[in-house]
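> Supplied structure: my_file33.txt, compact mmCIF, C-alpha atoms and all ligand atoms.
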# COMPACT_ATOMS: atom_id res chain seq x y z
CA MET A 1 19.29 -13.12 -3.64
CA ARG A 2 17.14 -10.56 -1.82
CA GLY A 3 13.47 -10.87 -2.67
CA LYS A 4 11.49 -8.05 -4.24
CA PHE A 5 9.40 -5.67 -2.19
CA ILE A 6 6.13 -4.50 -3.78
CA THR A 7 3.76 -2.09 -2.07
CA PHE A 8 0.17 -1.22 -2.98
CA GLU A 9 -1.10 2.29 -2.32
CA GLY A 10 -4.29 4.23 -2.98
CA GLY A 11 -7.35 5.60 -1.24
CA GLU A 12 -10.03 3.69 0.65
CA GLY A 13 -11.72 1.01 -1.44
CA SER A 14 -9.33 1.46 -4.38
CA GLY A 15 -8.79 -2.32 -4.47
CA LYS A 16 -5.37 -2.66 -2.79
CA SER A 17 -6.17 -5.79 -0.76
CA THR A 18 -8.02 -7.44 -3.64
CA HIS A 19 -5.30 -6.89 -6.24
CA ALA A 20 -2.40 -7.49 -3.84
CA GLU A 21 -3.94 -10.91 -3.14
CA ALA A 22 -4.49 -11.60 -6.84
CA LEU A 23 -0.86 -10.67 -7.63
CA ALA A 24 0.39 -12.89 -4.80
CA LYS A 25 -1.55 -15.84 -6.26
CA ARG A 26 -0.12 -15.24 -9.74
CA LEU A 27 3.45 -15.04 -8.45
CA THR A 28 3.00 -18.09 -6.23
CA ALA A 29 1.70 -20.04 -9.23
CA ARG A 30 5.03 -19.26 -10.93
CA GLY A 31 7.02 -20.72 -8.07
CA ILE A 32 7.85 -17.47 -6.26
CA ARG A 33 7.62 -17.57 -2.47
CA VAL A 34 5.43 -14.64 -1.47
CA VAL A 35 4.64 -13.02 1.88
CA ARG A 36 1.44 -10.95 1.92
CA THR A 37 1.30 -8.29 4.60
CA ARG A 38 -0.33 -4.95 5.42
CA GLU A 39 0.02 -1.66 7.25
CA PRO A 40 -0.68 -0.53 9.80
CA GLY A 41 0.04 -3.99 11.17
CA GLY A 42 1.80 -6.99 9.69
CA SER A 43 3.56 -8.14 12.87
CA PRO A 44 2.16 -8.92 16.34
CA GLY A 45 3.38 -5.63 17.85
CA ALA A 46 2.24 -3.54 14.89
CA GLU A 47 -1.24 -5.13 14.91
CA ILE A 48 -1.73 -3.81 18.47
CA VAL A 49 -0.78 -0.30 17.29
CA ARG A 50 -3.17 -0.75 14.32
CA HIS A 51 -6.07 -1.16 16.70
CA ILE A 52 -5.11 2.02 18.59
CA LEU A 53 -4.80 4.03 15.36
CA LEU A 54 -7.87 2.80 13.46
CA SER A 55 -10.21 2.93 16.45
CA GLY A 56 -9.54 6.67 16.60
CA MET A 57 -8.11 6.41 20.15
CA ALA A 58 -4.96 8.30 19.11
CA LYS A 59 -6.76 11.06 17.17
CA PRO A 60 -7.02 13.42 20.18
CA LEU A 61 -3.22 13.21 20.55
CA GLY A 62 -2.83 15.02 17.23
CA ALA A 63 -1.42 14.24 13.78
CA GLU A 64 2.23 14.24 14.93
CA ALA A 65 1.58 11.64 17.62
CA GLU A 66 -0.36 9.50 15.11
CA THR A 67 2.60 9.78 12.72
CA ILE A 68 4.96 8.56 15.43
CA LEU A 69 2.64 5.63 16.17
CA PHE A 70 2.48 4.66 12.48
CA ALA A 71 6.30 4.78 12.42
CA ALA A 72 6.59 2.66 15.57
CA ALA A 73 4.29 0.05 14.03
CA ARG A 74 6.30 0.20 10.78
CA ALA A 75 9.62 -0.28 12.57
CA ASP A 76 8.32 -3.48 14.18
CA HIS A 77 6.76 -4.66 10.91
CA VAL A 78 10.00 -4.13 8.95
CA HIS A 79 12.12 -5.75 11.64
CA ALA A 80 9.87 -8.76 12.35
CA THR A 81 8.29 -9.49 8.96
CA ILE A 82 9.62 -7.63 5.92
CA ALA A 83 13.41 -7.72 6.39
CA PRO A 84 13.60 -11.46 7.29
CA ALA A 85 11.37 -12.41 4.34
CA LEU A 86 13.39 -10.38 1.81
CA ALA A 87 16.65 -11.74 3.24
CA ALA A 88 15.30 -15.27 2.73
CA GLY A 89 14.64 -14.49 -0.95
CA GLN A 90 10.86 -14.24 -0.52
CA TRP A 91 8.90 -11.53 -2.27
CA VAL A 92 6.92 -9.23 0.00
CA ILE A 93 3.61 -7.70 -1.12
CA CYS A 94 2.43 -5.07 1.32
CA ASP A 95 -0.92 -3.29 1.45
CA ARG A 96 0.09 0.34 2.24
CA PHE A 97 3.53 1.53 3.40
CA ILE A 98 5.51 4.80 3.62
CA ASP A 99 3.49 6.62 0.96
CA SER A 100 0.33 6.32 3.07
CA THR A 101 2.09 8.26 5.85
CA ARG A 102 3.39 10.81 3.36
CA VAL A 103 -0.19 11.33 2.10
CA TYR A 104 -2.49 10.94 5.15
CA GLN A 105 -0.23 12.45 7.83
CA GLY A 106 1.96 14.63 5.55
CA ALA A 107 -0.13 16.09 2.73
CA LEU A 108 -3.47 15.90 4.58
CA GLY A 109 -2.44 16.05 8.24
CA LYS A 110 0.13 18.81 7.61
CA VAL A 111 2.83 17.04 9.61
CA ASP A 112 6.29 18.41 8.77
CA ILE A 113 7.84 16.36 5.95
CA LYS A 114 11.20 16.50 7.76
CA LEU A 115 9.71 14.60 10.70
CA ILE A 116 8.13 12.07 8.32
CA ARG A 117 11.40 11.51 6.41
CA GLY A 118 13.33 11.23 9.68
CA LEU A 119 10.94 8.58 10.98
CA GLU A 120 11.20 6.73 7.63
CA ARG A 121 14.98 6.56 8.01
CA VAL A 122 14.59 5.05 11.48
CA ALA A 123 11.71 2.66 10.71
CA VAL A 124 12.56 1.61 7.14
CA GLY A 125 16.28 2.20 6.59
CA ASP A 126 17.20 0.60 3.27
CA MET A 127 14.09 -1.62 3.14
CA MET A 128 12.51 0.63 0.54
CA PRO A 129 9.95 -0.79 -1.90
CA ASP A 130 11.32 -1.89 -5.28
CA LEU A 131 7.95 -1.12 -6.84
CA THR A 132 4.84 0.72 -5.67
CA VAL A 133 1.53 0.07 -7.44
CA LEU A 134 -0.79 3.05 -7.07
CA LEU A 135 -4.40 2.02 -7.69
CA ASP A 136 -6.11 5.18 -8.79
CA VAL A 137 -9.89 5.53 -8.42
CA PRO A 138 -12.07 8.62 -7.92
CA ALA A 139 -13.00 9.07 -4.25
CA ASP A 140 -16.73 8.45 -4.81
CA ILE A 141 -16.09 5.03 -6.39
CA GLY A 142 -13.57 4.05 -3.70
CA MET A 143 -15.84 5.14 -0.85
CA ALA A 144 -18.83 3.30 -2.36
CA ARG A 145 -16.78 0.09 -2.73
CA ALA A 146 -15.40 0.37 0.81
CA LYS A 147 -18.92 0.90 2.15
CA LEU A 148 -20.27 -2.10 0.23
CA ARG A 149 -17.46 -4.31 1.55
CA ARG A 150 -17.85 -3.05 5.13
CA GLY A 151 -21.58 -3.82 5.28
CA VAL A 152 -23.04 -2.91 8.67
CA GLU A 153 -19.63 -2.40 10.37
CA ALA A 154 -18.78 1.17 11.46
CA ALA A 155 -16.35 3.20 9.32
CA ASP A 156 -12.84 3.45 10.83
CA ARG A 157 -11.03 6.65 11.84
CA PHE A 158 -9.95 7.51 8.27
CA GLU A 159 -12.89 6.04 6.31
CA ALA A 160 -15.16 8.37 8.28
CA GLU A 161 -13.54 11.50 6.81
CA ALA A 162 -15.51 13.62 4.29
CA PHE A 163 -15.55 13.16 0.48
CA GLU A 164 -13.20 16.16 0.00
CA PHE A 165 -10.63 14.48 2.23
CA HIS A 166 -10.66 11.33 0.08
CA GLU A 167 -10.40 13.30 -3.16
CA ALA A 168 -7.40 15.17 -1.69
CA VAL A 169 -5.86 11.79 -0.76
CA ARG A 170 -6.21 10.69 -4.38
CA LYS A 171 -4.50 13.84 -5.69
CA ALA A 172 -1.68 13.61 -3.13
CA PHE A 173 -0.91 10.00 -4.16
CA LEU A 174 -0.79 11.05 -7.83
CA ILE A 175 1.68 13.82 -6.98
CA LEU A 176 3.95 11.30 -5.20
CA ALA A 177 3.78 8.98 -8.22
CA GLU A 178 4.76 11.84 -10.54
CA ARG A 179 7.76 12.66 -8.35
CA GLU A 180 9.10 9.09 -8.30
CA PRO A 181 8.20 7.55 -11.67
CA ASP A 182 10.91 4.86 -11.35
CA ARG A 183 9.39 3.42 -8.17
CA PHE A 184 5.68 3.99 -8.90
CA VAL A 185 3.37 2.51 -11.48
CA VAL A 186 -0.14 3.95 -11.63
CA VAL A 187 -2.94 1.51 -12.51
CA ASP A 188 -6.46 2.73 -13.26
CA GLY A 189 -8.59 0.95 -10.64
CA ARG A 190 -11.97 1.76 -12.23
CA PRO A 191 -12.40 -1.12 -14.73
CA ALA A 192 -13.75 -4.57 -13.82
CA LEU A 193 -11.79 -6.60 -11.24
CA ASP A 194 -10.14 -9.04 -13.65
CA VAL A 195 -9.07 -6.22 -15.99
CA VAL A 196 -7.35 -4.35 -13.12
CA THR A 197 -5.67 -7.56 -11.93
CA GLU A 198 -4.36 -8.27 -15.44
CA ARG A 199 -3.01 -4.74 -15.83
CA THR A 200 -1.38 -4.93 -12.41
CA VAL A 201 0.34 -8.24 -13.22
CA GLN A 202 1.53 -6.87 -16.56
CA ALA A 203 2.93 -3.74 -14.88
CA VAL A 204 4.83 -5.88 -12.36
CA GLU A 205 6.17 -8.07 -15.18
CA ARG A 206 7.42 -5.01 -17.05
CA ARG A 207 9.04 -3.32 -14.08
CA LEU A 208 10.55 -6.40 -12.44
CA SER A 209 11.31 -8.39 -15.59
CA THR A 210 15.00 -8.86 -14.74
CA ALA A 211 14.23 -10.46 -11.38
CA LEU A 212 11.41 -12.58 -12.86
CA LEU A 213 13.67 -13.78 -15.69
CA ALA A 214 16.41 -14.68 -13.19
CA LEU A 215 13.87 -16.87 -11.39
CA GLY A 216 12.59 -18.37 -14.64
CA ALA A 217 9.19 -16.91 -13.75
CA LEU A 218 8.48 -14.60 -16.66
CA THR A 219 7.74 -16.81 -19.63
CA GLY A 220 5.45 -19.39 -17.95
CA GLY A 221 2.06 -18.09 -19.11
CA GLU A 222 0.31 -21.05 -17.46
CA ASP A 223 -1.76 -18.78 -15.26
CA ARG A 224 -2.81 -16.18 -17.81
N1 LIG A 301 -3.11 5.00 7.18
C1 LIG A 301 -2.36 3.88 6.94
C2 LIG A 301 -2.50 6.22 7.50
O1 LIG A 301 -3.19 7.21 7.75
N2 LIG A 301 -1.14 6.28 7.52
C3 LIG A 301 -0.33 5.19 7.29
O2 LIG A 301 0.91 5.30 7.34
C4 LIG A 301 -0.98 3.94 6.97
C5 LIG A 301 -0.14 2.71 6.71
C6 LIG A 301 -5.91 1.74 6.93
C7 LIG A 301 -6.12 3.21 7.22
O3 LIG A 301 -4.98 3.74 7.83
C8 LIG A 301 -4.57 4.91 7.17
C9 LIG A 301 -5.13 4.81 5.78
C10 LIG A 301 -6.38 3.99 5.94
O4 LIG A 301 -7.45 4.87 6.12
P1 LIG A 301 -7.47 -0.23 6.28
O5 LIG A 301 -8.60 -0.83 7.04
O6 LIG A 301 -6.26 -1.04 6.11
O7 LIG A 301 -7.13 1.16 6.95
O8 LIG A 301 -8.13 0.34 4.98
P2 LIG A 301 -7.65 0.45 3.49
O9 LIG A 301 -6.19 0.24 3.37
O10 LIG A 301 -8.16 1.71 2.92
O11 LIG A 301 -8.37 -0.77 2.86
P3 LIG A 301 -9.76 -0.90 2.18
O12 LIG A 301 -10.13 -2.33 2.41
O13 LIG A 301 -10.74 0.16 2.53
O14 LIG A 301 -9.46 -0.65 0.68
P4 LIG A 301 -8.74 -1.53 -0.40
O15 LIG A 301 -7.90 -2.60 0.20
O16 LIG A 301 -8.10 -0.57 -1.31
O17 LIG A 301 -9.97 -2.18 -1.18
P5 LIG A 301 -10.44 -3.71 -1.29
O18 LIG A 301 -9.48 -4.47 -2.08
O19 LIG A 301 -10.81 -4.18 0.07
O20 LIG A 301 -11.71 -3.49 -2.20
C11 LIG A 301 -12.88 -2.90 -1.66
C12 LIG A 301 -14.11 -3.54 -2.34
O21 LIG A 301 -14.11 -3.17 -3.71
C13 LIG A 301 -14.17 -4.33 -4.53
C14 LIG A 301 -13.62 -5.46 -3.68
O22 LIG A 301 -14.14 -6.71 -4.10
C15 LIG A 301 -14.10 -5.07 -2.29
O23 LIG A 301 -15.39 -5.52 -2.07
N3 LIG A 301 -13.36 -4.05 -5.73
C16 LIG A 301 -13.86 -3.87 -6.94
N4 LIG A 301 -15.12 -3.91 -7.37
C17 LIG A 301 -15.31 -3.69 -8.71
N5 LIG A 301 -14.30 -3.44 -9.59
C18 LIG A 301 -13.01 -3.40 -9.16
N6 LIG A 301 -12.02 -3.14 -10.03
C19 LIG A 301 -12.77 -3.61 -7.78
N7 LIG A 301 -11.63 -3.63 -7.03
C20 LIG A 301 -12.01 -3.89 -5.77
Would you give me this structure, written as structure tokens?


Amino acid sequence: MRGKFITFEGGEGSGKSTHAEALAKRLTARGIRVVRTREPGGSPGAEIVRHILLSGMAKPLGAEAETILFAAARADHVHATIAPALAAGQWVICDRFIDSTRVYQGALGKVDIKLIRGLERVAVGDMMPDLTVLLDVPADIGMARAKLRRGVEAADRFEAEAFEFHEAVRKAFLILAEREPDRFVVVDGRPALDVVTERTVQAVERRLSTALLALGALTGGEDR
């Protein structure tokens, strides 16, 4: 049976990496084989493109060229990492995916949605997420958390954008979630870490209960 594909989305510092990791640990403890991955990146080829994108080297080429680079990285990531894992029955938990392109390059970068959807068809095909967890936090909280985590390191190409940009990112993600309520679940990322993790796990249990039951992984409770 094909594994389940879960993506985490949200603005900078919303807690995607933290809660994706926590969810992976919970699922692994229930006997599910989990692959944790991220975008941009997640395969050797895509990690090279990640460096080009996040260093800001591609910014002068314009938003369309950046979109094409994100799609090229995604195509390699899907081909080399995501599709083989799902085919082997593993569950894939990915930090950012198509919705980040729809928001950062589409809603914010004003790249034509037709180009974005066309690139999705090429890069993703039918490897669409079964569930997308949107971690929603106000931009000021997310930026403060990202800054704290980064320490003395320089902000990357997107982190360096202004507060208004990050607040617009938050709104654009919420609009996507409203449009596709069957795929998205929105989790309030403001409460304490363990509270957000618990709510995330519960949301995944609700949405993917059939698959978890089939694997005998819903009723365990040993890790709660
Ligand atoms: N991008 C990406 C595009 O423009 N288009 C695309 O198609 C794609 C795929 C990626 C950048 O690329 C852009 C978007 C991004 O700007 P990245 O380095 O991968 O860059 O950055 P992010 O994905 O934004 O990752 P961050 O690490 O900044 O944010 P996370 O993963 O959301 O946050 P996380 O988990 O690292 O948490 C940050 C800190 O907050 C704490 C954590 O412990 C950590 O220290 N924290 C909490 N603290 C208190 N309470 C909570 N509830 C907390 N949750 C987390």

> Rounded to one decimal place, report the CA of Ala58 (chain A)-CA of Ala20 (chain A) distance in Å.

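Spanning CA of Ala58 (chain A) to CA of Ala20 (chain A) is a straight-line distance of 28.0 Å.
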
> So how many Å separate CA of Asp130 (chain A) and CA of Tyr104 (chain A), to one decimal?

21.5 Å

> Excluding region 116-128 of chain A and any residue of its chain fewer than 5 positions from it, enumerate the residues within 9 Å of it, using only C-alpha atoms, and give them as a list in words.

Phe5, Thr67, Ile68, Ala71, Ala72, Ala73, Arg74, Ala75, Asp76, His77, Val78, His79, Ile82, Ala83, Leu86, Ile98, Thr101, Arg102, Gln105, Gly106 and Val111 of chain A

> Identify which of the residues A:Asp112, A:Asp188, A:Asp140, A:Glu178 lies closest to ligand LIG 301 (chain A), counting all atoms listed in the file when measuring atom-to-atom distances.

A:Asp188

> Enter the distance from atom O14 of ligand LIG 301 (chain A) to CA of Val169 (chain A), in Å, rounded to one decimal.

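Distance reported for this atom pair: 13.0 Å.
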
> Given the choices A:Arg199, A:Arg179, A:Arg30, A:Lys114, which gets closest to ligand LIG 301 (chain A) if the distance is worked out from all atoms listed in the file?

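Residue with the minimum atom-to-atom distance to ligand LIG 301 (chain A): A:Arg199.
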
> Write out as JSON an axis-aligned box for region 88-99 of chain A: all of its atoms listed in the file, 6 Å added on each side, centre and edge lengths in Å with one decimal.


{"center_x": 7.2, "center_y": -4.3, "center_z": 0.7, "size_x": 28.2, "size_y": 33.9, "size_z": 17.9}

> Nearest to ligand LIG 301 (chain A): which of A:His51, A:Lys171, A:Arg157, A:Arg206 is it, counting all atoms listed in the file?

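Using all atoms listed in the file, the shortest distance to ligand LIG 301 (chain A) belongs to A:Arg157.
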
> With all atoms listed in the file as the atoms that count, which of A:Val49, A:Leu61, A:Ile113, A:Leu23 lies nearest to Phe8 (chain A)?

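Closest to Phe8 (chain A), using all atoms listed in the file: A:Leu23.
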
> Under the rule that all atoms listed in the file are counted, which of A:Gly216, A:Gly13, A:Gly42, A:Gly3 is the nearest residue to ligand LIG 301 (chain A)?

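Answer, going by the shortest atom-to-atom distance: A:Gly13.
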
> Which one of A:Ala85, A:Gly62, A:Val186, A:Asp99 sits closest to Met1 (chain A) if you count only C-alpha atoms?

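Going through A:Ala85, A:Gly62, A:Val186, A:Asp99 one by one, the smallest distance to Met1 (chain A) is for A:Ala85.
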
> Which residues, protein or nucleic acid, reach to within 12 Å of (12.8, -15.4, -11.7) in the file's coordinates when using all atoms listed in the file, and can you give that as a ChimeraX atom specification?

/A:1-4,27-28,30-33,89-91,205,208-220

> Dump as a CSV table (one decimal) with C-alpha atoms, keeping the file's coordinate frame all residues having an atom at most 9 Å from (9.4, -2.0, -7.8), computed in the file's coordinates with only C-alpha atoms.


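Heads up, here's the output in selection39.csv:
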chain,number,residue,atom,x,y,z
A,4,LYS,CA,11.5,-8.0,-4.2
A,5,PHE,CA,9.4,-5.7,-2.2
A,6,ILE,CA,6.1,-4.5,-3.8
A,7,THR,CA,3.8,-2.1,-2.1
A,129,PRO,CA,10.0,-0.8,-1.9
A,130,ASP,CA,11.3,-1.9,-5.3
A,131,LEU,CA,8.0,-1.1,-6.8
A,132,THR,CA,4.8,0.7,-5.7
A,133,VAL,CA,1.5,0.1,-7.4
A,182,ASP,CA,10.9,4.9,-11.4
A,183,ARG,CA,9.4,3.4,-8.2
A,184,PHE,CA,5.7,4.0,-8.9
A,185,VAL,CA,3.4,2.5,-11.5
A,204,VAL,CA,4.8,-5.9,-12.4
A,207,ARG,CA,9.0,-3.3,-14.1
A,208,LEU,CA,10.6,-6.4,-12.4

> Within 9 Å of Glu159 (chain A), counting all atoms listed in the file, which residues show up once you throw out same-chain ones fewer than 3 positions away? Write them as a VMD selection string, please.

chain A and resid 12 143 146 to 147 155 to 156 162 166

> List the neighbours of Glu21 (chain A) out to 12 Å using only C-alpha atoms; skip same-chain residues closer than 2 positions along the sequence, and give me the result as a list in words.

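Once the adjacent positions are removed, what remains is Ile6, Thr7, Phe8, Gly15, Lys16, Ser17, Thr18, His19, Leu23, Ala24, Lys25, Arg26, Leu27, Thr28, Val34, Val35, Arg36, Thr37, Arg38, Val92, Ile93, Cys94, Asp95, Thr197, Thr200 and Val201 of chain A.
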